[in-house]
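Visitor: Dropping in coords-v9.cif, which is mmCIF, C-alpha atoms:
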data_run
loop_
_atom_site.group_PDB
_atom_site.id
_atom_site.type_symbol
_atom_site.label_atom_id
_atom_site.label_comp_id
_atom_site.auth_asym_id
_atom_site.auth_seq_id
_atom_site.Cartn_x
_atom_site.Cartn_y
_atom_site.Cartn_z
ATOM 1 C CA MET A 7 102.475 100.160 82.960
ATOM 2 C CA THR A 8 103.234 99.038 86.475
ATOM 3 C CA SER A 9 106.657 97.865 85.375
ATOM 4 C CA ARG A 10 107.569 101.434 84.469
ATOM 5 C CA LEU A 11 106.350 102.571 87.853
ATOM 6 C CA SER A 12 108.370 99.935 89.658
ATOM 7 C CA GLU A 13 111.578 100.945 87.908
ATOM 8 C CA ARG A 14 111.538 104.610 88.617
ATOM 9 C CA PRO A 15 111.616 106.350 91.930
ATOM 10 C CA SER A 16 108.660 108.332 93.089
ATOM 11 C CA SER A 17 108.236 111.513 91.098
ATOM 12 C CA GLY A 18 108.084 113.406 94.358
ATOM 13 C CA ASP A 19 104.337 113.355 94.805
ATOM 14 C CA SER A 20 104.298 110.697 97.513
ATOM 15 C CA GLY A 21 107.683 111.341 99.103
ATOM 16 C CA ILE A 22 107.820 107.720 100.312
ATOM 17 C CA THR A 23 111.212 106.422 99.264
ATOM 18 C CA THR A 24 110.817 103.017 100.943
ATOM 19 C CA ARG A 25 109.262 100.244 98.893
ATOM 20 C CA SER A 26 107.339 97.277 100.196
ATOM 21 C CA LEU A 27 108.055 93.678 99.316
ATOM 22 C CA LYS A 28 106.301 90.544 100.478
ATOM 23 C CA ILE A 29 106.947 86.857 100.860
ATOM 24 C CA VAL A 30 104.055 84.494 101.493
ATOM 25 C CA ILE A 31 104.395 81.821 104.196
ATOM 26 C CA ALA A 32 102.127 78.876 103.441
ATOM 27 C CA GLY A 33 101.620 75.344 104.685
ATOM 28 C CA GLY A 34 99.151 73.078 106.397
ATOM 29 C CA PHE A 35 97.585 73.574 109.793
ATOM 30 C CA ALA A 36 100.221 73.666 112.587
ATOM 31 C CA ALA A 37 103.117 73.295 110.135
ATOM 32 C CA GLY A 38 104.904 76.179 111.854
ATOM 33 C CA LYS A 39 103.923 79.254 109.796
ATOM 34 C CA THR A 40 103.324 81.488 112.802
ATOM 35 C CA THR A 41 106.519 80.348 114.529
ATOM 36 C CA PHE A 42 108.459 81.024 111.336
ATOM 37 C CA VAL A 43 107.207 84.614 111.133
ATOM 38 C CA GLU A 44 107.728 85.201 114.872
ATOM 39 C CA SER A 45 111.344 84.043 114.670
ATOM 40 C CA ILE A 46 112.432 86.826 112.345
ATOM 41 C CA SER A 47 109.836 89.603 112.441
ATOM 42 C CA GLU A 48 110.988 92.854 114.055
ATOM 43 C CA ILE A 49 107.435 93.491 115.197
ATOM 44 C CA THR A 50 105.206 91.194 117.206
ATOM 45 C CA PRO A 51 103.233 89.522 114.420
ATOM 46 C CA LEU A 52 99.973 91.321 113.685
ATOM 47 C CA THR A 53 96.622 90.090 112.478
ATOM 48 C CA THR A 54 94.378 91.771 109.978
ATOM 49 C CA GLU A 55 90.861 90.574 109.327
ATOM 50 C CA ALA A 56 89.076 90.682 106.029
ATOM 51 C CA PRO A 57 85.380 89.974 105.749
ATOM 52 C CA MET A 58 84.563 87.235 103.272
ATOM 53 C CA THR A 59 82.418 88.328 100.408
ATOM 54 C CA SER A 60 79.114 86.631 99.841
ATOM 55 C CA LEU A 61 80.428 85.507 96.466
ATOM 56 C CA SER A 62 83.312 83.612 98.062
ATOM 57 C CA LEU A 63 80.950 82.138 100.573
ATOM 58 C CA GLY A 64 78.613 80.935 97.874
ATOM 59 C CA VAL A 65 80.439 77.621 97.937
ATOM 60 C CA ASP A 66 79.178 77.061 101.446
ATOM 61 C CA ASP A 67 75.649 77.594 100.225
ATOM 62 C CA THR A 68 74.163 78.215 103.629
ATOM 63 C CA GLY A 69 71.482 80.421 102.138
ATOM 64 C CA ASP A 70 71.813 82.704 105.126
ATOM 65 C CA VAL A 71 72.846 86.179 104.094
ATOM 66 C CA ARG A 72 73.680 87.317 107.615
ATOM 67 C CA THR A 73 76.032 84.395 108.171
ATOM 68 C CA LYS A 74 77.773 85.235 104.943
ATOM 69 C CA THR A 75 78.338 88.847 105.809
ATOM 70 C CA HIS A 76 79.939 88.169 109.166
ATOM 71 C CA THR A 77 82.481 85.549 108.258
ATOM 72 C CA THR A 78 86.030 86.814 108.335
ATOM 73 C CA VAL A 79 89.396 85.506 107.334
ATOM 74 C CA ALA A 80 92.397 86.356 109.518
ATOM 75 C CA LEU A 81 95.852 87.020 108.110
ATOM 76 C CA ASP A 82 98.930 87.024 110.323
ATOM 77 C CA PHE A 83 101.974 88.937 109.220
ATOM 78 C CA GLY A 84 105.356 90.222 110.327
ATOM 79 C CA ARG A 85 107.855 92.756 109.032
ATOM 80 C CA ILE A 86 111.574 93.322 108.504
ATOM 81 C CA THR A 87 112.767 96.858 107.729
ATOM 82 C CA PHE A 88 115.790 97.409 105.493
ATOM 83 C CA ASN A 89 117.383 100.675 104.335
ATOM 84 C CA THR A 90 115.282 101.071 101.221
ATOM 85 C CA SER A 91 112.545 98.513 101.645
ATOM 86 C CA MET A 92 110.183 96.843 104.081
ATOM 87 C CA LEU A 93 109.751 93.116 103.729
ATOM 88 C CA TYR A 94 106.376 91.765 104.838
ATOM 89 C CA LEU A 95 105.867 88.104 105.649
ATOM 90 C CA PHE A 96 102.243 87.109 105.221
ATOM 91 C CA GLY A 97 100.985 83.796 106.570
ATOM 92 C CA THR A 98 98.243 82.207 104.488
ATOM 93 C CA PRO A 99 94.870 81.552 106.044
ATOM 94 C CA GLY A 100 94.692 77.917 107.062
ATOM 95 C CA GLN A 101 91.603 76.768 105.246
ATOM 96 C CA ASP A 102 91.378 75.988 101.561
ATOM 97 C CA ARG A 103 88.081 77.802 101.170
ATOM 98 C CA PHE A 104 89.910 81.084 101.655
ATOM 99 C CA TRP A 105 91.565 80.776 98.247
ATOM 100 C CA PHE A 106 90.227 84.177 97.191
ATOM 101 C CA MET A 107 92.598 85.724 99.727
ATOM 102 C CA TRP A 108 95.561 83.837 98.271
ATOM 103 C CA ASP A 109 95.113 85.615 94.933
ATOM 104 C CA GLU A 110 95.708 88.926 96.612
ATOM 105 C CA LEU A 111 98.547 87.552 98.745
ATOM 106 C CA VAL A 112 100.590 86.302 95.795
ATOM 107 C CA ARG A 113 99.991 89.303 93.527
ATOM 108 C CA GLY A 114 103.342 91.076 93.303
ATOM 109 C CA ALA A 115 104.988 88.757 95.846
ATOM 110 C CA VAL A 116 108.684 87.910 95.724
ATOM 111 C CA GLY A 117 107.804 84.270 96.324
ATOM 112 C CA ALA A 118 106.663 81.843 98.963
ATOM 113 C CA VAL A 119 107.895 79.470 101.642
ATOM 114 C CA VAL A 120 105.823 76.303 101.991
ATOM 115 C CA MET A 121 106.177 74.973 105.526
ATOM 116 C CA VAL A 122 105.895 71.218 105.726
ATOM 117 C CA ASP A 123 105.440 68.895 108.665
ATOM 118 C CA THR A 124 106.811 65.667 107.193
ATOM 119 C CA ARG A 125 104.426 63.648 109.363
ATOM 120 C CA ARG A 126 101.591 65.237 107.368
ATOM 121 C CA LEU A 127 103.147 65.704 103.981
ATOM 122 C CA ALA A 128 99.913 65.819 102.012
ATOM 123 C CA ASP A 129 98.812 68.948 103.886
ATOM 124 C CA CYS A 130 101.116 71.035 101.691
ATOM 125 C CA PHE A 131 99.808 69.754 98.351
ATOM 126 C CA PRO A 132 97.074 72.402 97.903
ATOM 127 C CA ALA A 133 99.663 75.163 98.452
ATOM 128 C CA LEU A 134 102.111 73.595 95.959
ATOM 129 C CA ASP A 135 99.337 73.310 93.362
ATOM 130 C CA PHE A 136 98.313 76.911 93.889
ATOM 131 C CA PHE A 137 101.852 78.278 93.564
ATOM 132 C CA ASP A 138 102.612 76.095 90.536
ATOM 133 C CA THR A 139 99.438 77.275 88.809
ATOM 134 C CA HIS A 140 100.160 80.912 89.605
ATOM 135 C CA LYS A 141 103.867 80.577 88.757
ATOM 136 C CA VAL A 142 104.962 81.812 92.166
ATOM 137 C CA PRO A 143 108.562 80.842 92.988
ATOM 138 C CA TYR A 144 108.668 78.877 96.218
ATOM 139 C CA VAL A 145 110.904 76.828 98.470
ATOM 140 C CA ILE A 146 109.790 73.932 100.607
ATOM 141 C CA ALA A 147 110.859 74.193 104.238
ATOM 142 C CA LEU A 148 110.702 70.944 106.185
ATOM 143 C CA ASN A 149 110.106 71.883 109.782
ATOM 144 C CA ARG A 150 112.137 69.774 112.193
ATOM 145 C CA PHE A 151 109.806 69.137 115.079
ATOM 146 C CA ASN A 152 111.736 67.962 118.151
ATOM 147 C CA GLY A 153 114.956 68.244 116.197
ATOM 148 C CA SER A 154 114.392 65.462 113.701
ATOM 149 C CA LEU A 155 112.818 64.834 110.333
ATOM 150 C CA VAL A 156 110.586 61.856 109.760
ATOM 151 C CA HIS A 157 111.517 61.900 106.081
ATOM 152 C CA SER A 158 114.683 63.155 104.409
ATOM 153 C CA THR A 159 114.665 66.058 101.966
ATOM 154 C CA GLU A 160 115.341 63.604 99.127
ATOM 155 C CA ALA A 161 112.454 61.352 100.136
ATOM 156 C CA VAL A 162 110.202 64.407 100.208
ATOM 157 C CA ARG A 163 111.442 65.550 96.805
ATOM 158 C CA GLU A 164 110.404 62.234 95.319
ATOM 159 C CA ALA A 165 107.081 62.244 97.122
ATOM 160 C CA VAL A 166 105.892 65.713 96.140
ATOM 161 C CA ASP A 167 106.836 65.660 92.458
ATOM 162 C CA ILE A 168 108.124 69.206 92.073
ATOM 163 C CA ASP A 169 110.409 70.931 89.577
ATOM 164 C CA PRO A 170 113.962 69.704 90.117
ATOM 165 C CA ASP A 171 115.168 73.279 90.651
ATOM 166 C CA THR A 172 112.751 73.921 93.535
ATOM 167 C CA PRO A 173 114.848 74.199 96.718
ATOM 168 C CA ILE A 174 114.017 72.050 99.732
ATOM 169 C CA VAL A 175 115.502 73.102 103.050
ATOM 170 C CA ALA A 176 115.313 71.460 106.459
ATOM 171 C CA ILE A 177 114.791 74.044 109.182
ATOM 172 C CA ASP A 178 113.755 74.616 112.748
ATOM 173 C CA ALA A 179 111.129 77.354 112.514
ATOM 174 C CA ARG A 180 112.156 78.582 115.974
ATOM 175 C CA ASN A 181 115.677 79.233 114.768
ATOM 176 C CA ARG A 182 116.194 82.706 113.352
ATOM 177 C CA ALA A 183 119.211 81.719 111.242
ATOM 178 C CA ASP A 184 117.233 78.864 109.675
ATOM 179 C CA VAL A 185 114.327 81.169 108.909
ATOM 180 C CA LYS A 186 116.673 83.730 107.382
ATOM 181 C CA ALA A 187 118.280 80.986 105.253
ATOM 182 C CA SER A 188 114.816 79.987 104.001
ATOM 183 C CA LEU A 189 114.051 83.557 102.960
ATOM 184 C CA VAL A 190 117.436 83.854 101.236
ATOM 185 C CA ALA A 191 116.636 80.628 99.367
ATOM 186 C CA VAL A 192 113.302 82.045 98.158
ATOM 187 C CA VAL A 193 114.882 85.250 96.905
ATOM 188 C CA ARG A 194 117.708 83.347 95.160
ATOM 189 C CA HIS A 195 115.139 81.095 93.528
ATOM 190 C CA ALA A 196 113.052 84.100 92.429
ATOM 191 C CA ILE A 197 116.180 85.689 90.921
ATOM 192 C CA ALA A 198 117.039 82.489 89.046
ATOM 193 C CA ARG A 199 113.488 82.294 87.695
ATOM 194 C CA ARG A 200 113.585 85.936 86.590
ATOM 195 C CA LYS A 201 116.866 85.423 84.797
ATOM 196 C CA ALA A 202 115.640 82.229 83.141
ATOM 197 C CA ASN A 203 112.499 83.966 81.894
ATOM 198 C CA SER A 204 114.278 87.047 80.547
ATOM 199 C CA PRO A 205 115.204 87.034 76.893
ATOM 200 C CA MET B 7 76.243 88.556 118.974
ATOM 201 C CA ASP B 8 78.414 91.653 119.130
ATOM 202 C CA ARG B 9 79.724 91.214 115.617
ATOM 203 C CA PRO B 10 76.790 92.674 113.701
ATOM 204 C CA ALA B 11 76.859 95.806 115.871
ATOM 205 C CA ARG B 12 80.580 96.181 115.322
ATOM 206 C CA PHE B 13 80.029 95.793 111.638
ATOM 207 C CA VAL B 14 77.441 98.520 111.496
ATOM 208 C CA ARG B 15 79.662 100.842 113.456
ATOM 209 C CA GLN B 16 82.626 100.257 111.156
ATOM 210 C CA PHE B 17 80.402 100.716 108.154
ATOM 211 C CA ALA B 18 79.196 104.064 109.508
ATOM 212 C CA LEU B 19 82.780 105.240 109.952
ATOM 213 C CA THR B 20 83.301 105.299 106.234
ATOM 214 C CA ARG B 21 80.030 107.153 105.685
ATOM 215 C CA GLY B 22 78.527 104.203 103.893
ATOM 216 C CA ARG B 23 81.274 103.873 101.314
ATOM 217 C CA VAL B 24 82.400 100.342 100.700
ATOM 218 C CA THR B 25 84.581 100.730 97.654
ATOM 219 C CA SER B 26 87.642 102.802 97.100
ATOM 220 C CA ALA B 27 89.018 104.537 94.039
ATOM 221 C CA ASN B 28 92.491 103.508 95.071
ATOM 222 C CA ASP B 29 93.452 99.921 94.617
ATOM 223 C CA LEU B 30 95.345 99.628 97.876
ATOM 224 C CA ALA B 31 97.230 96.372 98.279
ATOM 225 C CA LEU B 32 97.857 94.770 101.672
ATOM 226 C CA ASP B 33 101.450 95.938 101.566
ATOM 227 C CA THR B 34 100.915 99.378 100.000
ATOM 228 C CA LEU B 35 102.842 101.861 102.137
ATOM 229 C CA VAL B 36 101.328 105.087 103.402
ATOM 230 C CA GLN B 37 102.770 108.000 105.366
ATOM 231 C CA ALA B 38 101.310 111.141 106.914
ATOM 232 C CA THR B 39 101.933 114.324 104.956
ATOM 233 C CA ASP B 40 102.824 117.687 106.533
ATOM 234 C CA LEU B 41 99.222 118.704 105.924
ATOM 235 C CA GLY B 42 98.018 115.540 107.660
ATOM 236 C CA ARG B 43 100.125 116.219 110.744
ATOM 237 C CA ARG B 44 98.915 119.827 110.808
ATOM 238 C CA ASP B 45 95.244 118.909 110.515
ATOM 239 C CA ALA B 46 95.361 115.847 112.793
ATOM 240 C CA ALA B 47 94.165 117.671 115.910
ATOM 241 C CA ARG B 48 90.939 118.633 114.149
ATOM 242 C CA MET B 49 90.218 115.161 112.782
ATOM 243 C CA ALA B 50 87.807 112.535 114.045
ATOM 244 C CA PRO B 51 89.537 110.067 116.410
ATOM 245 C CA GLN B 52 89.876 107.268 113.857
ATOM 246 C CA GLN B 53 91.459 109.487 111.243
ATOM 247 C CA ARG B 54 93.726 111.124 113.809
ATOM 248 C CA SER B 55 94.907 107.705 114.998
ATOM 249 C CA ILE B 56 95.778 106.691 111.459
ATOM 250 C CA ILE B 57 97.804 109.884 110.939
ATOM 251 C CA GLU B 58 99.655 109.210 114.191
ATOM 252 C CA LEU B 59 100.385 105.614 113.181
ATOM 253 C CA ALA B 60 101.661 106.818 109.834
ATOM 254 C CA ARG B 61 104.365 109.186 111.096
ATOM 255 C CA THR B 62 106.748 106.705 109.505
ATOM 256 C CA PRO B 63 105.747 104.606 106.490
ATOM 257 C CA LEU B 64 103.629 101.544 107.192
ATOM 258 C CA SER B 65 101.407 99.221 105.209
ATOM 259 C CA VAL B 66 97.655 99.242 104.808
ATOM 260 C CA ALA B 67 97.642 95.821 106.536
ATOM 261 C CA GLU B 68 99.351 97.372 109.567
ATOM 262 C CA VAL B 69 96.823 100.219 109.689
ATOM 263 C CA SER B 70 94.072 97.596 109.703
ATOM 264 C CA ALA B 71 95.749 95.487 112.420
ATOM 265 C CA HIS B 72 96.697 98.360 114.732
ATOM 266 C CA MET B 73 93.291 100.000 114.440
ATOM 267 C CA GLY B 74 91.393 96.727 114.846
ATOM 268 C CA LEU B 75 89.520 97.488 111.633
ATOM 269 C CA HIS B 76 88.594 95.083 108.914
ATOM 270 C CA LEU B 77 90.885 95.394 105.947
ATOM 271 C CA GLY B 78 88.200 96.799 103.669
ATOM 272 C CA ILE B 79 87.297 99.509 106.170
ATOM 273 C CA ALA B 80 90.954 100.431 106.677
ATOM 274 C CA ARG B 81 91.335 100.708 102.905
ATOM 275 C CA VAL B 82 88.460 103.145 102.606
ATOM 276 C CA LEU B 83 89.673 105.319 105.488
ATOM 277 C CA VAL B 84 93.206 105.367 104.076
ATOM 278 C CA SER B 85 91.868 106.147 100.629
ATOM 279 C CA ASP B 86 89.819 109.081 101.940
ATOM 280 C CA LEU B 87 92.860 110.450 103.767
ATOM 281 C CA ALA B 88 94.902 110.088 100.590
ATOM 282 C CA VAL B 89 92.298 111.971 98.551
ATOM 283 C CA SER B 90 92.341 114.804 101.101
ATOM 284 C CA GLU B 91 96.175 114.731 100.898
ATOM 285 C CA HIS B 92 96.597 113.940 104.567
ATOM 286 C CA LEU B 93 98.297 110.664 103.674
ATOM 287 C CA ALA B 94 100.826 109.976 100.954
ATOM 288 C CA VAL B 95 100.576 106.609 99.214
ATOM 289 C CA SER B 96 103.683 104.898 97.871
ATOM 290 C CA THR B 97 103.934 104.998 94.101
ATOM 291 C CA TYR B 98 106.198 101.943 94.007
ATOM 292 C CA VAL B 99 104.105 99.158 92.582
ATOM 293 C CA ASN B 100 105.415 95.642 92.111
ATOM 294 C CA ASP B 101 104.412 93.839 88.930
ATOM 295 C CA ALA B 102 101.771 91.171 89.444
ATOM 296 C CA ASP B 103 104.441 88.515 88.902
ATOM 297 C CA GLY B 104 106.812 90.043 91.436
ATOM 298 C CA PRO B 105 109.527 92.679 91.730
ATOM 299 C CA ASP B 106 112.069 93.339 88.985
ATOM 300 C CA LEU B 107 115.531 91.770 89.002
ATOM 301 C CA SER B 108 117.411 94.697 90.521
ATOM 302 C CA THR B 109 114.926 94.920 93.387
ATOM 303 C CA LEU B 110 115.280 91.182 94.036
ATOM 304 C CA GLU B 111 119.070 91.415 94.022
ATOM 305 C CA ARG B 112 118.987 94.265 96.473
ATOM 306 C CA LEU B 113 116.643 92.294 98.735
ATOM 307 C CA LEU B 114 119.038 89.351 98.629
ATOM 308 C CA ASP B 115 121.919 91.598 99.742
ATOM 309 C CA ASP B 116 119.778 93.105 102.497
ATOM 310 C CA LEU B 117 118.678 89.697 103.782
ATOM 311 C CA GLN B 118 122.184 88.275 103.777
ATOM 312 C CA ALA B 119 123.463 91.270 105.737
ATOM 313 C CA PHE B 120 120.552 91.053 108.171
#
What do you get writing this file as structure tokens?
Guide:
Amino acid sequence: MTSRLSERPSSGDSGITTRSLKIVIAGGFAAGKTTFVESISEITPLTTEAPMTSLSLGVDDTGDVRTKTHTTVALDFGRITFNTSMLYLFGTPGQDRFWFMWDELVRGAVGAVVMVDTRRLADCFPALDFFDTHKVPYVIALNRFNGSLVHSTEAVREAVDIDPDTPIVAIDARNRADVKASLVAVVRHAIARRKANSP
Amino acid sequence: MDRPARFVRQFALTRGRVTSANDLALDTLVQATDLGRRDAARMAPQQRSIIELARTPLSVAEVSAHMGLHLGIARVLVSDLAVSEHLAVSTYVNDADGPDLSTLERLLDDLQAF
């Protein structure tokens, strides 16, 4: 049903001719997600807060209802406006226990960029697992801290055990052209996936 | 402990409603209607602020961030304004597994030209 909606323009009831698209920016703590979004967003990145539900907090098992109600998860995001669409870049919340928010983030997303600090490679594994499980197309972006990589893209490819067609790019998250190239790589990868999955 | 008080206040803003008929995604776009702009002066401050923010299309996440409201609260306020036809809600909905091919190809062109 939604596919029909997505293929036809508004029937005139909403009058909004722009459509929204989103790409999720994931990665471990301090891997450069915020810098990445800042480098290309036309707006100063914003933060929205969502209260955690008591159900999600059940895993913490504090037994304190008030504590549960007041816990929030913060999402940072930026935006790029095109002629017919607005592209939102949503950073994932840093902690694994906020998985419930990831479900909403990836629903309908173009794809994801997984930011990796090669000094802490394992930090990206939970994100890779999540995107693989949810069949979200993603690229791995190795963030060059201080201009150099500790491990080459090929060494990382061997270490993380990903599909051979998953792009790995080396970037400086402060560099707008690098960030743009990462987003282009995600969209290209999403297109290739779409084509491969179409009869 | 100012958080509980803030919570109660935000809860009161939506007149006790915590769920919304509309399933508004983070990136669902909304825009003020002519009716919304006309009625804005008579609205409560929160609602008026949302109408002013939405002179051009913006996402539910942006409404939440600009207003300093929790996402769930922003969703309910936006939903109420949509029901009263003061806000239009985008009818473009991406499939759960992402946009269709032509949309992706257009995005690629847009990004490359950016």
Visitor: Do you know which residues are at most 8 Å from stretch 77-85 of chain A counting all atoms listed in the file, after dropping those on the same chain fewer than 5 positions away, and could you put them as a PDB file with C-alpha atoms, in the frame of the given file?
Guide:
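The resulting file, part-v2.pdb, is reproduced below:
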ATOM      1  CA  THR A  40     103.324  81.488 112.802  1.00  0.00           C
ATOM      2  CA  VAL A  43     107.207  84.614 111.133  1.00  0.00           C
ATOM      3  CA  GLU A  44     107.728  85.201 114.872  1.00  0.00           C
ATOM      4  CA  SER A  47     109.836  89.603 112.441  1.00  0.00           C
ATOM      5  CA  GLU A  48     110.988  92.854 114.055  1.00  0.00           C
ATOM      6  CA  ILE A  49     107.435  93.491 115.197  1.00  0.00           C
ATOM      7  CA  THR A  50     105.206  91.194 117.206  1.00  0.00           C
ATOM      8  CA  PRO A  51     103.233  89.522 114.420  1.00  0.00           C
ATOM      9  CA  LEU A  52      99.973  91.321 113.685  1.00  0.00           C
ATOM     10  CA  THR A  53      96.622  90.090 112.478  1.00  0.00           C
ATOM     11  CA  THR A  54      94.378  91.771 109.978  1.00  0.00           C
ATOM     12  CA  GLU A  55      90.861  90.574 109.327  1.00  0.00           C
ATOM     13  CA  ALA A  56      89.076  90.682 106.029  1.00  0.00           C
ATOM     14  CA  PRO A  57      85.380  89.974 105.749  1.00  0.00           C
ATOM     15  CA  MET A  58      84.563  87.235 103.272  1.00  0.00           C
ATOM     16  CA  MET A  92     110.183  96.843 104.081  1.00  0.00           C
ATOM     17  CA  LEU A  93     109.751  93.116 103.729  1.00  0.00           C
ATOM     18  CA  TYR A  94     106.376  91.765 104.838  1.00  0.00           C
ATOM     19  CA  LEU A  95     105.867  88.104 105.649  1.00  0.00           C
ATOM     20  CA  PHE A  96     102.243  87.109 105.221  1.00  0.00           C
ATOM     21  CA  GLY A  97     100.985  83.796 106.570  1.00  0.00           C
ATOM     22  CA  THR A  98      98.243  82.207 104.488  1.00  0.00           C
ATOM     23  CA  PRO A  99      94.870  81.552 106.044  1.00  0.00           C
ATOM     24  CA  PHE A 104      89.910  81.084 101.655  1.00  0.00           C
TER      25      PHE A 104
END
Visitor: What does the distance between atom CA of A:His195 and atom CA of A:His157 come to in Å, to one decimal place?
Guide: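 Answer for the atom CA of A:His195 to atom CA of A:His157 separation: 23.2 Å.
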Visitor: In Å, with one decimal, what is the gap from atom CA of A:Phe42 to atom CA of A:Ile86?
Guide: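 Spanning atom CA of A:Phe42 to atom CA of A:Ile86 is a straight-line distance of 13.0 Å.
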Visitor: Select all residues from chain B having any atom no more than 7 Å from an atom of chain A (counting only C-alpha atoms, ignoring ligands), output as number ranges by chain.
Guide: B: 33-35, 67, 70-71, 76-78, 94-105, 107, 110, 114, 116-118
Visitor: Counting all atoms listed in the file, find the residues whose atoms lie at most 10 Å from (96.9, 71.3, 108.5) (file coordinates) and write them out as a PyMOL selection string.
Guide: chain A and resi 33-38+100-101+122-123+126-130
Visitor: Go through the shown structure with the PyMOL selection byres ((chain B and resi 73) around 12) and write out the matching residues as a PyMOL selection string.
Guide: (chain A and resi 52-55) or (chain B and resi 16+51-60+66-72+74-77+79-81+83-84)
Visitor: Check what the PyMOL selection byres ((chain A and resi 156) around 12) selects in the file above and give those residues as a ChimeraX atom specification.
Guide: /A:122-127,148-155,157-162,176
Visitor: If I take atom CA of A:Asp138 and atom CA of B:Ser108, how far is one from the other in Å, to one decimal?
Guide: 23.8 Å
Visitor: Please evaluate the PyMOL selection byres ((chain A and resi 172) around 8) against the structure above and give the resulting residues as a PyMOL selection string.
Guide: chain A and resi 144-146+168-171+173-174+195
Visitor: Name the closest residue to B:Asp45 among the candidates B:Asp106, B:Asp115, B:Glu91, B:Asp29; distances are taken between atoms, counting only C-alpha atoms.
Guide: B:Glu91
